[in-house]
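Text of entry-v4.cif, listed as mmCIF, C-alpha atoms and all ligand atoms:
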```
data_input
#
loop_
_atom_site.group_PDB
_atom_site.id
_atom_site.type_symbol
_atom_site.label_atom_id
_atom_site.label_comp_id
_atom_site.auth_asym_id
_atom_site.auth_seq_id
_atom_site.Cartn_x
_atom_site.Cartn_y
_atom_site.Cartn_z
ATOM 1 C CA MET K 284 10.017 -16.813 -14.807
ATOM 2 C CA LYS K 285 11.749 -13.972 -16.612
ATOM 3 C CA GLU K 286 13.746 -11.492 -14.599
ATOM 4 C CA ILE K 287 13.850 -8.057 -16.165
ATOM 5 C CA GLU K 288 15.839 -4.972 -15.273
ATOM 6 C CA SER K 289 15.564 -2.573 -18.168
ATOM 7 C CA ALA K 290 12.702 -0.444 -19.463
ATOM 8 C CA ARG K 291 13.349 -1.732 -22.991
ATOM 9 C CA GLU K 292 12.910 -5.378 -21.946
ATOM 10 C CA VAL K 293 9.731 -4.841 -19.936
ATOM 11 C CA LEU K 294 8.222 -2.792 -22.766
ATOM 12 C CA SER K 295 8.962 -5.502 -25.296
ATOM 13 C CA LEU K 296 7.305 -8.104 -23.034
ATOM 14 C CA THR K 297 4.185 -5.988 -22.511
ATOM 15 C CA ARG K 298 3.932 -5.077 -26.229
ATOM 16 C CA ASP K 299 4.226 -8.713 -27.164
ATOM 17 C CA THR K 300 1.456 -9.610 -24.661
ATOM 18 C CA ARG K 301 -0.774 -6.885 -26.143
ATOM 19 C CA CYS K 302 -0.137 -8.143 -29.692
ATOM 20 C CA ARG K 303 -1.219 -11.627 -28.692
ATOM 21 C CA ALA K 304 -4.399 -10.148 -27.113
ATOM 22 C CA LYS K 305 -3.515 -11.623 -23.715
ATOM 23 C CA SER K 306 -4.467 -9.826 -20.507
ATOM 24 C CA SER K 307 -1.769 -8.802 -18.088
ATOM 25 C CA GLY K 308 -1.948 -8.242 -14.344
ATOM 26 C CA PHE K 309 0.616 -6.140 -12.543
ATOM 27 C CA VAL K 310 1.596 -6.168 -8.852
ATOM 28 C CA PRO K 311 3.871 -3.281 -7.848
ATOM 29 C CA THR K 312 5.780 -3.855 -4.584
ATOM 30 C CA MET K 313 8.817 -2.703 -2.649
ATOM 31 C CA GLY K 314 9.923 -6.294 -2.097
ATOM 32 C CA TYR K 315 10.575 -8.262 1.103
ATOM 33 C CA LEU K 316 7.497 -10.163 0.057
ATOM 34 C CA HIS K 317 5.070 -11.754 2.497
ATOM 35 C CA ALA K 318 1.674 -13.448 2.302
ATOM 36 C CA GLY K 319 -0.060 -10.050 1.804
ATOM 37 C CA HIS K 320 1.860 -9.571 -1.444
ATOM 38 C CA GLY K 321 1.209 -13.282 -2.098
ATOM 39 C CA LYS K 322 -2.552 -12.674 -2.040
ATOM 40 C CA LEU K 323 -2.220 -9.854 -4.575
ATOM 41 C CA ILE K 324 -0.157 -12.127 -6.836
ATOM 42 C CA GLU K 325 -2.620 -15.012 -6.432
ATOM 43 C CA THR K 326 -5.550 -12.734 -7.353
ATOM 44 C CA ALA K 327 -3.650 -11.416 -10.379
ATOM 45 C CA ARG K 328 -2.809 -15.015 -11.372
ATOM 46 C CA ASP K 329 -6.514 -15.959 -11.242
ATOM 47 C CA GLU K 330 -7.586 -13.027 -13.391
ATOM 48 C CA ASN K 331 -4.923 -12.667 -16.112
ATOM 49 C CA HIS K 332 -2.875 -14.571 -18.679
ATOM 50 C CA LEU K 333 0.368 -12.839 -17.735
ATOM 51 C CA VAL K 334 1.455 -11.731 -14.258
ATOM 52 C CA VAL K 335 4.220 -9.184 -13.763
ATOM 53 C CA VAL K 336 5.521 -8.277 -10.289
ATOM 54 C CA SER K 337 7.793 -5.303 -9.769
ATOM 55 C CA ILE K 338 10.173 -4.760 -6.890
ATOM 56 C CA TYR K 339 11.382 -1.224 -6.480
ATOM 57 C CA VAL K 340 12.091 0.710 -3.289
ATOM 58 C CA ASN K 341 11.101 4.143 -4.540
ATOM 59 C CA PRO K 342 13.326 6.846 -3.023
ATOM 60 C CA ALA K 343 10.858 9.580 -3.997
ATOM 61 C CA GLN K 344 8.257 8.388 -1.510
ATOM 62 C CA PHE K 345 10.535 8.430 1.552
ATOM 63 C CA GLY K 346 11.002 11.603 3.592
ATOM 64 C CA PRO K 347 14.496 12.694 4.707
ATOM 65 C CA ASN K 348 14.080 11.120 8.178
ATOM 66 C CA GLU K 349 12.347 7.941 7.030
ATOM 67 C CA ASP K 350 13.627 4.407 6.608
ATOM 68 C CA LEU K 351 14.793 4.320 2.961
ATOM 69 C CA ASP K 352 18.299 3.126 3.917
ATOM 70 C CA ARG K 353 17.133 0.445 6.310
ATOM 71 C CA TYR K 354 14.080 -0.722 4.328
ATOM 72 C CA PRO K 355 14.330 -4.553 4.443
ATOM 73 C CA ARG K 356 15.429 -6.335 1.260
ATOM 74 C CA ASP K 357 15.795 -10.006 0.321
ATOM 75 C CA LEU K 358 15.732 -10.488 -3.432
ATOM 76 C CA GLU K 359 16.628 -14.168 -3.218
ATOM 77 C CA HIS K 360 13.567 -14.915 -1.053
ATOM 78 C CA ASP K 361 11.343 -12.679 -3.240
ATOM 79 C CA ARG K 362 12.495 -14.446 -6.416
ATOM 80 C CA GLU K 363 11.711 -17.838 -4.871
ATOM 81 C CA MET K 364 8.271 -16.705 -3.714
ATOM 82 C CA CYS K 365 7.374 -15.271 -7.146
ATOM 83 C CA LEU K 366 8.545 -18.443 -8.862
ATOM 84 C CA THR K 367 6.391 -20.604 -6.581
ATOM 85 C CA ALA K 368 3.395 -18.293 -7.059
ATOM 86 C CA GLY K 369 3.558 -18.669 -10.853
ATOM 87 C CA VAL K 370 4.695 -15.141 -11.683
ATOM 88 C CA ASP K 371 5.681 -14.786 -15.362
ATOM 89 C CA ALA K 372 8.028 -11.854 -15.038
ATOM 90 C CA LEU K 373 9.793 -10.163 -12.163
ATOM 91 C CA PHE K 374 10.689 -6.561 -12.977
ATOM 92 C CA VAL K 375 13.484 -5.236 -10.756
ATOM 93 C CA PRO K 376 14.425 -1.865 -12.202
ATOM 94 C CA SER K 377 17.478 0.091 -11.125
ATOM 95 C CA ASP K 378 17.249 3.698 -9.908
ATOM 96 C CA GLU K 379 18.683 4.688 -13.288
ATOM 97 C CA THR K 380 15.827 2.915 -15.107
ATOM 98 C CA MET K 381 13.160 4.580 -12.968
ATOM 99 C CA TYR K 382 14.769 8.010 -12.616
ATOM 100 C CA PRO K 383 17.318 8.546 -15.383
ATOM 101 C CA GLY K 384 19.599 11.248 -14.052
ATOM 102 C CA GLY K 385 18.382 10.744 -10.467
ATOM 103 C CA TYR K 386 15.017 11.401 -8.872
ATOM 104 C CA LEU K 387 16.110 14.837 -7.725
ATOM 105 C CA ASN K 388 16.072 15.767 -11.422
ATOM 106 C CA GLN K 389 12.450 14.680 -11.821
ATOM 107 C CA THR K 390 10.542 17.826 -12.854
ATOM 108 C CA VAL K 391 7.053 16.611 -13.732
ATOM 109 C CA TRP K 392 5.184 14.889 -10.900
ATOM 110 C CA VAL K 393 1.715 13.439 -10.391
ATOM 111 C CA ASP K 394 0.003 15.584 -7.756
ATOM 112 C CA PRO K 395 -2.692 13.692 -5.784
ATOM 113 C CA GLY K 396 -4.179 16.986 -4.535
ATOM 114 C CA THR K 397 -6.443 16.921 -1.481
ATOM 115 C CA LEU K 398 -6.462 13.100 -1.422
ATOM 116 C CA ALA K 399 -2.993 13.386 0.103
ATOM 117 C CA SER K 400 -3.850 16.034 2.705
ATOM 118 C CA GLN K 401 -5.134 13.683 5.434
ATOM 119 C CA LEU K 402 -4.142 10.405 7.130
ATOM 120 C CA CYS K 403 -0.619 9.303 6.126
ATOM 121 C CA GLY K 404 -0.286 12.239 3.722
ATOM 122 C CA ALA K 405 -0.571 14.764 6.570
ATOM 123 C CA ALA K 406 2.545 13.479 8.342
ATOM 124 C CA ARG K 407 4.430 12.440 5.206
ATOM 125 C CA PRO K 408 4.494 15.463 2.893
ATOM 126 C CA GLY K 409 5.381 14.470 -0.664
ATOM 127 C CA HIS K 410 4.930 10.754 0.047
ATOM 128 C CA PHE K 411 1.877 10.230 -2.155
ATOM 129 C CA ARG K 412 3.267 12.477 -4.885
ATOM 130 C CA GLY K 413 6.222 10.076 -4.965
ATOM 131 C CA VAL K 414 3.921 7.037 -4.925
ATOM 132 C CA ALA K 415 1.598 8.326 -7.655
ATOM 133 C CA THR K 416 4.519 9.324 -9.864
ATOM 134 C CA VAL K 417 6.342 5.994 -9.594
ATOM 135 C CA VAL K 418 3.105 4.037 -10.119
ATOM 136 C CA ALA K 419 2.373 6.122 -13.248
ATOM 137 C CA LYS K 420 5.874 5.325 -14.555
ATOM 138 C CA LEU K 421 5.479 1.627 -13.763
ATOM 139 C CA PHE K 422 2.100 1.579 -15.531
ATOM 140 C CA ASN K 423 3.710 3.181 -18.600
ATOM 141 C CA LEU K 424 6.376 0.480 -18.612
ATOM 142 C CA ALA K 425 4.282 -2.569 -17.706
ATOM 143 C CA GLN K 426 1.131 -1.396 -19.543
ATOM 144 C CA PRO K 427 -1.100 -3.736 -17.535
ATOM 145 C CA ASP K 428 -4.799 -4.323 -18.048
ATOM 146 C CA ARG K 429 -5.232 -4.687 -14.285
ATOM 147 C CA ALA K 430 -3.090 -3.623 -11.331
ATOM 148 C CA TYR K 431 -3.368 -5.004 -7.799
ATOM 149 C CA PHE K 432 -3.136 -3.029 -4.559
ATOM 150 C CA GLY K 433 -3.749 -3.898 -0.903
ATOM 151 C CA GLN K 434 -6.535 -2.487 1.251
ATOM 152 C CA LYS K 435 -3.958 -2.169 4.049
ATOM 153 C CA ASP K 436 -2.647 0.915 2.241
ATOM 154 C CA ALA K 437 -6.168 2.215 1.588
ATOM 155 C CA GLN K 438 -5.153 5.816 0.926
ATOM 156 C CA GLN K 439 -2.592 4.657 -1.642
ATOM 157 C CA ALA K 440 -5.169 2.468 -3.434
ATOM 158 C CA ILE K 441 -7.718 5.316 -3.514
ATOM 159 C CA ILE K 442 -5.145 7.779 -4.875
ATOM 160 C CA VAL K 443 -3.968 5.341 -7.549
ATOM 161 C CA ARG K 444 -7.526 4.606 -8.665
ATOM 162 C CA LYS K 445 -8.358 8.333 -8.879
ATOM 163 C CA MET K 446 -5.129 8.918 -10.803
ATOM 164 C CA THR K 447 -6.162 6.368 -13.426
ATOM 165 C CA GLU K 448 -9.602 8.007 -13.709
ATOM 166 C CA ASP K 449 -8.386 11.610 -13.813
ATOM 167 C CA LEU K 450 -5.491 10.907 -16.202
ATOM 168 C CA ALA K 451 -7.470 8.462 -18.383
ATOM 169 C CA MET K 452 -5.050 5.613 -17.794
ATOM 170 C CA PRO K 453 -6.467 2.382 -19.258
ATOM 171 C CA VAL K 454 -5.731 0.265 -16.169
ATOM 172 C CA GLU K 455 -8.307 -1.380 -13.927
ATOM 173 C CA ILE K 456 -7.398 -1.030 -10.247
ATOM 174 C CA ARG K 457 -8.209 -4.069 -8.129
ATOM 175 C CA VAL K 458 -8.034 -3.788 -4.337
ATOM 176 C CA VAL K 459 -7.354 -6.924 -2.295
ATOM 177 C CA ASP K 460 -8.380 -7.383 1.377
ATOM 178 C CA THR K 461 -5.723 -7.024 4.063
ATOM 179 C CA VAL K 462 -3.971 -10.274 4.960
ATOM 180 C CA ARG K 463 -3.425 -10.630 8.712
ATOM 181 C CA GLU K 464 -1.504 -12.715 11.204
ATOM 182 C CA PRO K 465 -3.739 -15.071 13.219
ATOM 183 C CA ASP K 466 -3.793 -12.469 16.031
ATOM 184 C CA GLY K 467 -5.044 -9.759 13.651
ATOM 185 C CA LEU K 468 -1.843 -7.797 12.977
ATOM 186 C CA ALA K 469 -1.758 -6.740 9.321
ATOM 187 C CA LEU K 470 1.219 -8.283 7.530
ATOM 188 C CA SER K 471 3.824 -5.672 6.674
ATOM 189 C CA SER K 472 7.449 -5.787 5.561
ATOM 190 C CA ARG K 473 8.158 -3.467 8.509
ATOM 191 C CA ASN K 474 6.890 -5.942 11.145
ATOM 192 C CA VAL K 475 10.388 -7.504 11.247
ATOM 193 C CA TYR K 476 11.624 -4.416 13.069
ATOM 194 C CA LEU K 477 9.318 -4.949 16.050
ATOM 195 C CA SER K 478 10.764 -6.268 19.322
ATOM 196 C CA SER K 479 8.765 -9.129 20.815
ATOM 197 C CA GLU K 480 7.108 -6.729 23.261
ATOM 198 C CA GLU K 481 6.198 -4.294 20.464
ATOM 199 C CA ARG K 482 4.990 -7.168 18.310
ATOM 200 C CA HIS K 483 2.672 -8.194 21.149
ATOM 201 C CA GLU K 484 1.409 -4.631 21.651
ATOM 202 C CA ALA K 485 0.913 -4.129 17.896
ATOM 203 C CA THR K 486 -2.124 -6.425 18.037
ATOM 204 C CA ALA K 487 -3.930 -3.487 19.707
ATOM 205 C CA LEU K 488 -4.205 -1.709 16.334
ATOM 206 C CA TYR K 489 -6.652 -4.127 14.762
ATOM 207 C CA ARG K 490 -8.380 -4.765 18.108
ATOM 208 C CA ALA K 491 -9.063 -1.021 18.327
ATOM 209 C CA LEU K 492 -10.474 -0.915 14.799
ATOM 210 C CA GLN K 493 -12.643 -3.956 15.452
ATOM 211 C CA LEU K 494 -13.931 -2.512 18.717
ATOM 212 C CA ALA K 495 -14.897 0.754 16.994
ATOM 213 C CA ARG K 496 -16.528 -1.203 14.179
ATOM 214 C CA ALA K 497 -18.527 -3.265 16.685
ATOM 215 C CA GLU K 498 -19.711 -0.034 18.360
ATOM 216 C CA PHE K 499 -20.608 1.348 14.922
ATOM 217 C CA GLU K 500 -22.568 -1.775 14.074
ATOM 218 C CA SER K 501 -24.410 -1.577 17.374
ATOM 219 C CA GLY K 502 -25.741 1.835 16.289
ATOM 220 C CA LYS K 503 -23.179 4.332 17.640
ATOM 221 C CA HIS K 504 -22.449 6.509 14.615
ATOM 222 C CA GLU K 505 -20.920 9.576 16.263
ATOM 223 C CA VAL K 506 -17.481 10.223 14.772
ATOM 224 C CA GLU K 507 -15.900 11.595 17.946
ATOM 225 C CA TYR K 508 -17.066 8.623 19.981
ATOM 226 C CA LEU K 509 -15.779 6.068 17.449
ATOM 227 C CA VAL K 510 -12.389 7.775 17.090
ATOM 228 C CA ASP K 511 -11.996 8.068 20.884
ATOM 229 C CA THR K 512 -12.969 4.430 21.355
ATOM 230 C CA ALA K 513 -10.254 3.289 18.929
ATOM 231 C CA ARG K 514 -7.665 5.703 20.320
ATOM 232 C CA HIS K 515 -8.200 4.595 23.926
ATOM 233 C CA CYS K 516 -8.021 0.951 22.937
ATOM 234 C CA VAL K 517 -4.640 1.520 21.237
ATOM 235 C CA LYS K 518 -3.319 3.505 24.192
ATOM 236 C CA ARG K 519 -4.389 0.827 26.648
ATOM 237 C CA GLY K 520 -3.102 -2.097 24.604
ATOM 238 C CA ALA K 521 0.092 -0.497 23.279
ATOM 239 C CA PRO K 522 1.698 1.687 25.964
ATOM 240 C CA ASN K 523 4.960 1.724 23.955
ATOM 241 C CA GLY K 524 3.171 2.888 20.817
ATOM 242 C CA LYS K 525 2.903 6.547 19.823
ATOM 243 C CA VAL K 526 -0.337 7.310 17.992
ATOM 244 C CA GLU K 527 0.242 9.454 14.886
ATOM 245 C CA TYR K 528 -3.432 9.609 13.956
ATOM 246 C CA VAL K 529 -6.781 7.896 14.383
ATOM 247 C CA SER K 530 -9.156 9.366 11.787
ATOM 248 C CA LEU K 531 -12.552 8.776 10.309
ATOM 249 C CA VAL K 532 -12.737 10.058 6.740
ATOM 250 C CA ASP K 533 -15.042 9.858 3.769
ATOM 251 C CA LEU K 534 -14.085 6.837 1.676
ATOM 252 C CA LYS K 535 -14.138 8.805 -1.608
ATOM 253 C CA THR K 536 -12.700 12.204 -0.730
ATOM 254 C CA LEU K 537 -10.601 11.097 2.267
ATOM 255 C CA GLN K 538 -11.688 14.271 4.060
ATOM 256 C CA PRO K 539 -12.610 14.139 7.774
ATOM 257 C CA ILE K 540 -16.228 13.469 8.647
ATOM 258 C CA HIS K 541 -17.837 15.590 11.362
ATOM 259 C CA GLY K 542 -20.854 14.652 13.462
ATOM 260 C CA GLN K 543 -22.342 11.349 12.381
ATOM 261 C CA VAL K 544 -21.006 8.744 9.964
ATOM 262 C CA ASN K 545 -23.196 8.822 6.912
ATOM 263 C CA GLY K 546 -22.417 6.671 3.875
ATOM 264 C CA GLU K 547 -19.096 4.943 3.258
ATOM 265 C CA SER K 548 -16.207 5.881 5.490
ATOM 266 C CA LEU K 549 -12.723 4.743 6.430
ATOM 267 C CA LEU K 550 -11.493 4.452 10.002
ATOM 268 C CA ALA K 551 -7.706 4.478 9.771
ATOM 269 C CA LEU K 552 -4.791 4.749 12.163
ATOM 270 C CA ALA K 553 -1.015 4.996 12.266
ATOM 271 C CA VAL K 554 1.081 4.095 15.305
ATOM 272 C CA HIS K 555 4.836 4.319 15.812
ATOM 273 C CA PHE K 556 6.818 1.772 17.781
ATOM 274 C CA GLY K 557 10.231 3.417 18.024
ATOM 275 C CA ARG K 558 11.203 4.087 14.380
ATOM 276 C CA THR K 559 8.712 1.539 13.060
ATOM 277 C CA ARG K 560 5.476 2.968 11.742
ATOM 278 C CA LEU K 561 2.446 0.688 11.393
ATOM 279 C CA ILE K 562 -0.882 1.472 9.723
ATOM 280 C CA ASP K 563 -4.235 -0.259 9.509
ATOM 281 C CA ASN K 564 -7.849 0.537 8.648
ATOM 282 C CA VAL K 565 -11.417 -0.739 8.377
ATOM 283 C CA THR K 566 -14.309 0.566 6.305
ATOM 284 C CA LEU K 567 -17.608 1.535 7.924
ATOM 285 C CA THR K 568 -20.786 1.709 5.877
ATOM 286 C CA SER K 569 -24.061 3.070 7.227
HETATM 287 P P1 LIG I 1 4.699 -2.663 -0.320
HETATM 288 O O1 LIG I 1 5.709 -3.669 -0.798
HETATM 289 O O2 LIG I 1 4.632 -2.529 1.172
HETATM 290 O O3 LIG I 1 4.819 -1.343 -1.040
HETATM 291 O O4 LIG I 1 3.287 -3.245 -0.734
HETATM 292 C C1 LIG I 1 3.007 -3.610 -2.065
HETATM 293 C C2 LIG I 1 1.534 -3.883 -2.185
HETATM 294 O O5 LIG I 1 1.169 -4.931 -1.289
HETATM 295 C C3 LIG I 1 0.670 -2.664 -1.819
HETATM 296 O O6 LIG I 1 -0.419 -2.563 -2.721
HETATM 297 C C4 LIG I 1 0.212 -3.002 -0.431
HETATM 298 O O7 LIG I 1 -1.025 -2.393 -0.084
HETATM 299 C C5 LIG I 1 0.064 -4.509 -0.506
HETATM 300 N N1 LIG I 1 0.107 -5.098 0.828
HETATM 301 C C6 LIG I 1 1.048 -4.895 1.789
HETATM 302 N N2 LIG I 1 0.709 -5.543 2.923
HETATM 303 C C7 LIG I 1 -0.468 -6.178 2.680
HETATM 304 C C8 LIG I 1 -1.329 -7.001 3.457
HETATM 305 N N3 LIG I 1 -1.056 -7.322 4.716
HETATM 306 N N4 LIG I 1 -2.457 -7.472 2.871
HETATM 307 C C9 LIG I 1 -2.755 -7.156 1.578
HETATM 308 N N5 LIG I 1 -1.986 -6.390 0.799
HETATM 309 C C10 LIG I 1 -0.854 -5.894 1.338
#
```
Before we go any further, please render this structure as structure tokens.
Amino acid sequence: MKEIESAREVLSLTRDTRCRAKSSGFVPTMGYLHAGHGKLIETARDENHLVVVSIYVNPAQFGPNEDLDRYPRDLEHDREMCLTAGVDALFVPSDETMYPGGYLNQTVWVDPGTLASQLCGAARPGHFRGVATVVAKLFNLAQPDRAYFGQKDAQQAIIVRKMTEDLAMPVEIRVVDTVREPDGLALSSRNVYLSSEERHEATALYRALQLARAEFESGKHEVEYLVDTARHCVKRGAPNGKVEYVSLVDLKTLQPIHGQVNGESLLALAVHFGRTRLIDNVTLTS
């Protein structure tokens, strides 16, 4: 496995792959890898000749009061996991490589428009602009044929896919199902911050989504009812959690649905346990 830090090196690898008409799959991450990332890597491995994983904690997607400084890191563990998973190249760029002159000097940004107005974007202004911009840069450097994203961060995957369509980027976006703990909690690098009590309560997130989905499947399609059902389930099961949002939105536009669910929709939620913010979602199709 190659380990690459500079833009020049990653470009020469991707150009060489292109020249040899080999397909490349790209998995962008912020590191502290777990089995969720592992599933993305495994899918990329199955579908491409070359697999590149990037690890970069992107300062531009963290708000001033968020956890950029305490975001968990363990490059040694990540390196080992990538090696075992058959990754060809691990791209670990410096801030200078990604934002020459510092990200505060970045002038041109990718604006995700109304796709960022709801769900996580509502409480994290600028977050998805930072995500879309860094993903665009990484795509320019890694020049992948396919890029792999997790359904856990559904809004991110939808924004990235729309970015590639609207900006004519020749990258196929593949979305991989959420990997969960046996008790349903979605794997997340941030789960390490949870106390054992919070960890126990955090199982209420997926239980709430499943309960609402079961109600939906039994014929209850009223948005208000489904959102309330999920919200109450979280409140009951996670008294130490603070609900940021429980929302039902259209799966394409990510705008709120009113009245009845009709077509493909996303039921998503975000809950804070102290300074730790967890998200999860399910899709509902009528
Ligand atoms: P992160 O390192 O948290 O930025 O995540 C990198 C990629 O892994 C993103 O596309 C995430 O959606 C994806 N990912 C994170 N957690 C999971 C999970 N539990 N299951 C599947 N994919 C995940």
Can you sort out the box for segment 419-430 of chain K, edges along x, y and z, all listed atoms in, 8 Å on every side, with centre and edge lengths in Å to one decimal, as lines of an AutoDock Vina configuration file?
```
center_x = 0.6
center_y = 0.7
center_z = -15.4
size_x = 27.6
size_y = 26.8
size_z = 24.2
```
Result set, the PyMOL selection byres (((not hetatm)) within 10 of (chain I and resi 1)) on current file, as an mmCIF file with C-alpha atoms, in the frame of the given file:
```cif
data_model
loop_
_atom_site.group_PDB
_atom_site.id
_atom_site.type_symbol
_atom_site.label_atom_id
_atom_site.label_comp_id
_atom_site.auth_asym_id
_atom_site.auth_seq_id
_atom_site.Cartn_x
_atom_site.Cartn_y
_atom_site.Cartn_z
ATOM 1 C CA VAL K 310 1.596 -6.168 -8.852
ATOM 2 C CA PRO K 311 3.871 -3.281 -7.848
ATOM 3 C CA THR K 312 5.780 -3.855 -4.584
ATOM 4 C CA MET K 313 8.817 -2.703 -2.649
ATOM 5 C CA GLY K 314 9.923 -6.294 -2.097
ATOM 6 C CA TYR K 315 10.575 -8.262 1.103
ATOM 7 C CA LEU K 316 7.497 -10.163 0.057
ATOM 8 C CA HIS K 317 5.070 -11.754 2.497
ATOM 9 C CA ALA K 318 1.674 -13.448 2.302
ATOM 10 C CA GLY K 319 -0.060 -10.050 1.804
ATOM 11 C CA HIS K 320 1.860 -9.571 -1.444
ATOM 12 C CA GLY K 321 1.209 -13.282 -2.098
ATOM 13 C CA LYS K 322 -2.552 -12.674 -2.040
ATOM 14 C CA LEU K 323 -2.220 -9.854 -4.575
ATOM 15 C CA ILE K 324 -0.157 -12.127 -6.836
ATOM 16 C CA VAL K 336 5.521 -8.277 -10.289
ATOM 17 C CA SER K 337 7.793 -5.303 -9.769
ATOM 18 C CA ILE K 338 10.173 -4.760 -6.890
ATOM 19 C CA TYR K 339 11.382 -1.224 -6.480
ATOM 20 C CA VAL K 340 12.091 0.710 -3.289
ATOM 21 C CA ASN K 341 11.101 4.143 -4.540
ATOM 22 C CA VAL K 414 3.921 7.037 -4.925
ATOM 23 C CA ALA K 430 -3.090 -3.623 -11.331
ATOM 24 C CA TYR K 431 -3.368 -5.004 -7.799
ATOM 25 C CA PHE K 432 -3.136 -3.029 -4.559
ATOM 26 C CA GLY K 433 -3.749 -3.898 -0.903
ATOM 27 C CA GLN K 434 -6.535 -2.487 1.251
ATOM 28 C CA LYS K 435 -3.958 -2.169 4.049
ATOM 29 C CA ASP K 436 -2.647 0.915 2.241
ATOM 30 C CA ALA K 437 -6.168 2.215 1.588
ATOM 31 C CA GLN K 438 -5.153 5.816 0.926
ATOM 32 C CA GLN K 439 -2.592 4.657 -1.642
ATOM 33 C CA ALA K 440 -5.169 2.468 -3.434
ATOM 34 C CA VAL K 443 -3.968 5.341 -7.549
ATOM 35 C CA ARG K 457 -8.209 -4.069 -8.129
ATOM 36 C CA VAL K 458 -8.034 -3.788 -4.337
ATOM 37 C CA VAL K 459 -7.354 -6.924 -2.295
ATOM 38 C CA ASP K 460 -8.380 -7.383 1.377
ATOM 39 C CA THR K 461 -5.723 -7.024 4.063
ATOM 40 C CA VAL K 462 -3.971 -10.274 4.960
ATOM 41 C CA ARG K 463 -3.425 -10.630 8.712
ATOM 42 C CA GLU K 464 -1.504 -12.715 11.204
ATOM 43 C CA LEU K 468 -1.843 -7.797 12.977
ATOM 44 C CA ALA K 469 -1.758 -6.740 9.321
ATOM 45 C CA LEU K 470 1.219 -8.283 7.530
ATOM 46 C CA SER K 471 3.824 -5.672 6.674
ATOM 47 C CA SER K 472 7.449 -5.787 5.561
ATOM 48 C CA ARG K 473 8.158 -3.467 8.509
ATOM 49 C CA ILE K 562 -0.882 1.472 9.723
ATOM 50 C CA ASP K 563 -4.235 -0.259 9.509
#
```
Exercise. Skipping near chain neighbours, those fewer than 2 positions away, what residues fall within 9 Å of segment 474-481 of chain K using all atoms listed in the file, listed as a ChimeraX atom specification?
Worked result: /K:355,469-472,483-486,521,523-524,556-559,561
For this session: Name all residues at most 12 Å from Asn545 of chain K (count only C-alpha atoms; drop same-chain ones fewer than 2 positions away) and give them as number ranges by chain.
Result: K: 499, 502-506, 531-534, 539-543, 547-549, 567-569
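Residue nearest Val544 of chain K within the list K:Leu450, K:Leu509, K:Ala368, K:Leu351: K:Leu509 [criterion: smallest interatomic distance, only C-alpha atoms].
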Exercise. Any chance you could work out the residue set of the PyMOL selection byres (((chain K and resi 291) around 12) and not hetatm) here, as JSON, numbers by chain?
Worked result: {"K": [287, 288, 289, 290, 292, 293, 294, 295, 296, 297, 298, 374, 376, 380, 381, 423, 424, 425]}
Exercise. When distances are computed from all atoms listed in the file, which of K:Leu333, K:Ala513, K:Ala343, K:Leu537 shows the smallest separation from Pro408 of chain K?
Worked result: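 Smallest separation from Pro408 of chain K among the options: K:Ala343.
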Check what the PyMOL selection byres (((chain K and resi 331) around 9) and not hetatm) selects in the file above and give those residues as a compact mmCIF listing (two decimals) with C-alpha atoms, keeping the file's coordinate frame.
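So out_2.txt came out as:
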```txt
# COMPACT_ATOMS: atom_id res chain seq x y z
CA LYS K 305 -3.52 -11.62 -23.72
CA SER K 306 -4.47 -9.83 -20.51
CA SER K 307 -1.77 -8.80 -18.09
CA GLY K 308 -1.95 -8.24 -14.34
CA THR K 326 -5.55 -12.73 -7.35
CA ALA K 327 -3.65 -11.42 -10.38
CA ARG K 328 -2.81 -15.02 -11.37
CA ASP K 329 -6.51 -15.96 -11.24
CA GLU K 330 -7.59 -13.03 -13.39
CA HIS K 332 -2.88 -14.57 -18.68
CA LEU K 333 0.37 -12.84 -17.74
CA VAL K 334 1.46 -11.73 -14.26
CA ASP K 428 -4.80 -4.32 -18.05
CA ARG K 429 -5.23 -4.69 -14.28
```
For this session: Check the smallest atom-to-atom distance from each of K:Gly384, K:Gly404, K:Gly520, K:Pro342 to Ala491 of chain K using only C-alpha atoms, then report the winner.
Result: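 That would be K:Gly520, the residue with the smallest distance to Ala491 of chain K.
When all atoms listed in the file are used to measure the gap to Asp449 of chain K, the shortest distance among K:Val393, K:Met284, K:Val565, K:Cys365 belongs to K:Val393.
One distance worth recording is that between atom CA of Arg362 of chain K and atom CA of Leu421 of chain K, which is 19.0 Å.
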For this session: Find the spatial neighbours of Gly396 of chain K, counting all atoms listed in the file, within a cut-off of 9 Å - ignore same-chain residues fewer than 3 positions away - and output them as a list in words.
Result: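 Near neighbours after the sequence-gap exclusion: Ala399, Ser400 and Arg412 of chain K.
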Exercise. Using only C-alpha atoms, which of the listed residues (K:Arg356, K:Ala406, K:Gln493, K:Gly413) sits closest to Tyr382 of chain K?
Worked result: K:Gly413
For this session: Would you mind reading off the distance between atom CA of Cys302 of chain K and atom CA of Pro427 of chain K, one decimal, in Å?
Result: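 Going from atom CA of Cys302 of chain K over to atom CA of Pro427 of chain K, I get 13.0 Å.
The shortest atom-to-atom distance to Ile456 of chain K, with all atoms listed in the file taken into account, belongs to K:Phe309 out of K:Glu379, K:Val335, K:Phe309, K:Lys525.
For the pair atom CA of Val517 of chain K and atom CA of Glu349 of chain K, the separation is 23.1 Å.
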Exercise. Which neighbours of Ala415 of chain K fall inside 8 Å, counting all atoms listed in the file, when residues of the same chain fewer than 4 positions from it are skipped, and could you give them as an MDAnalysis selection string?
Worked result: chainID K and resid 393:395 411 419 442:443 446
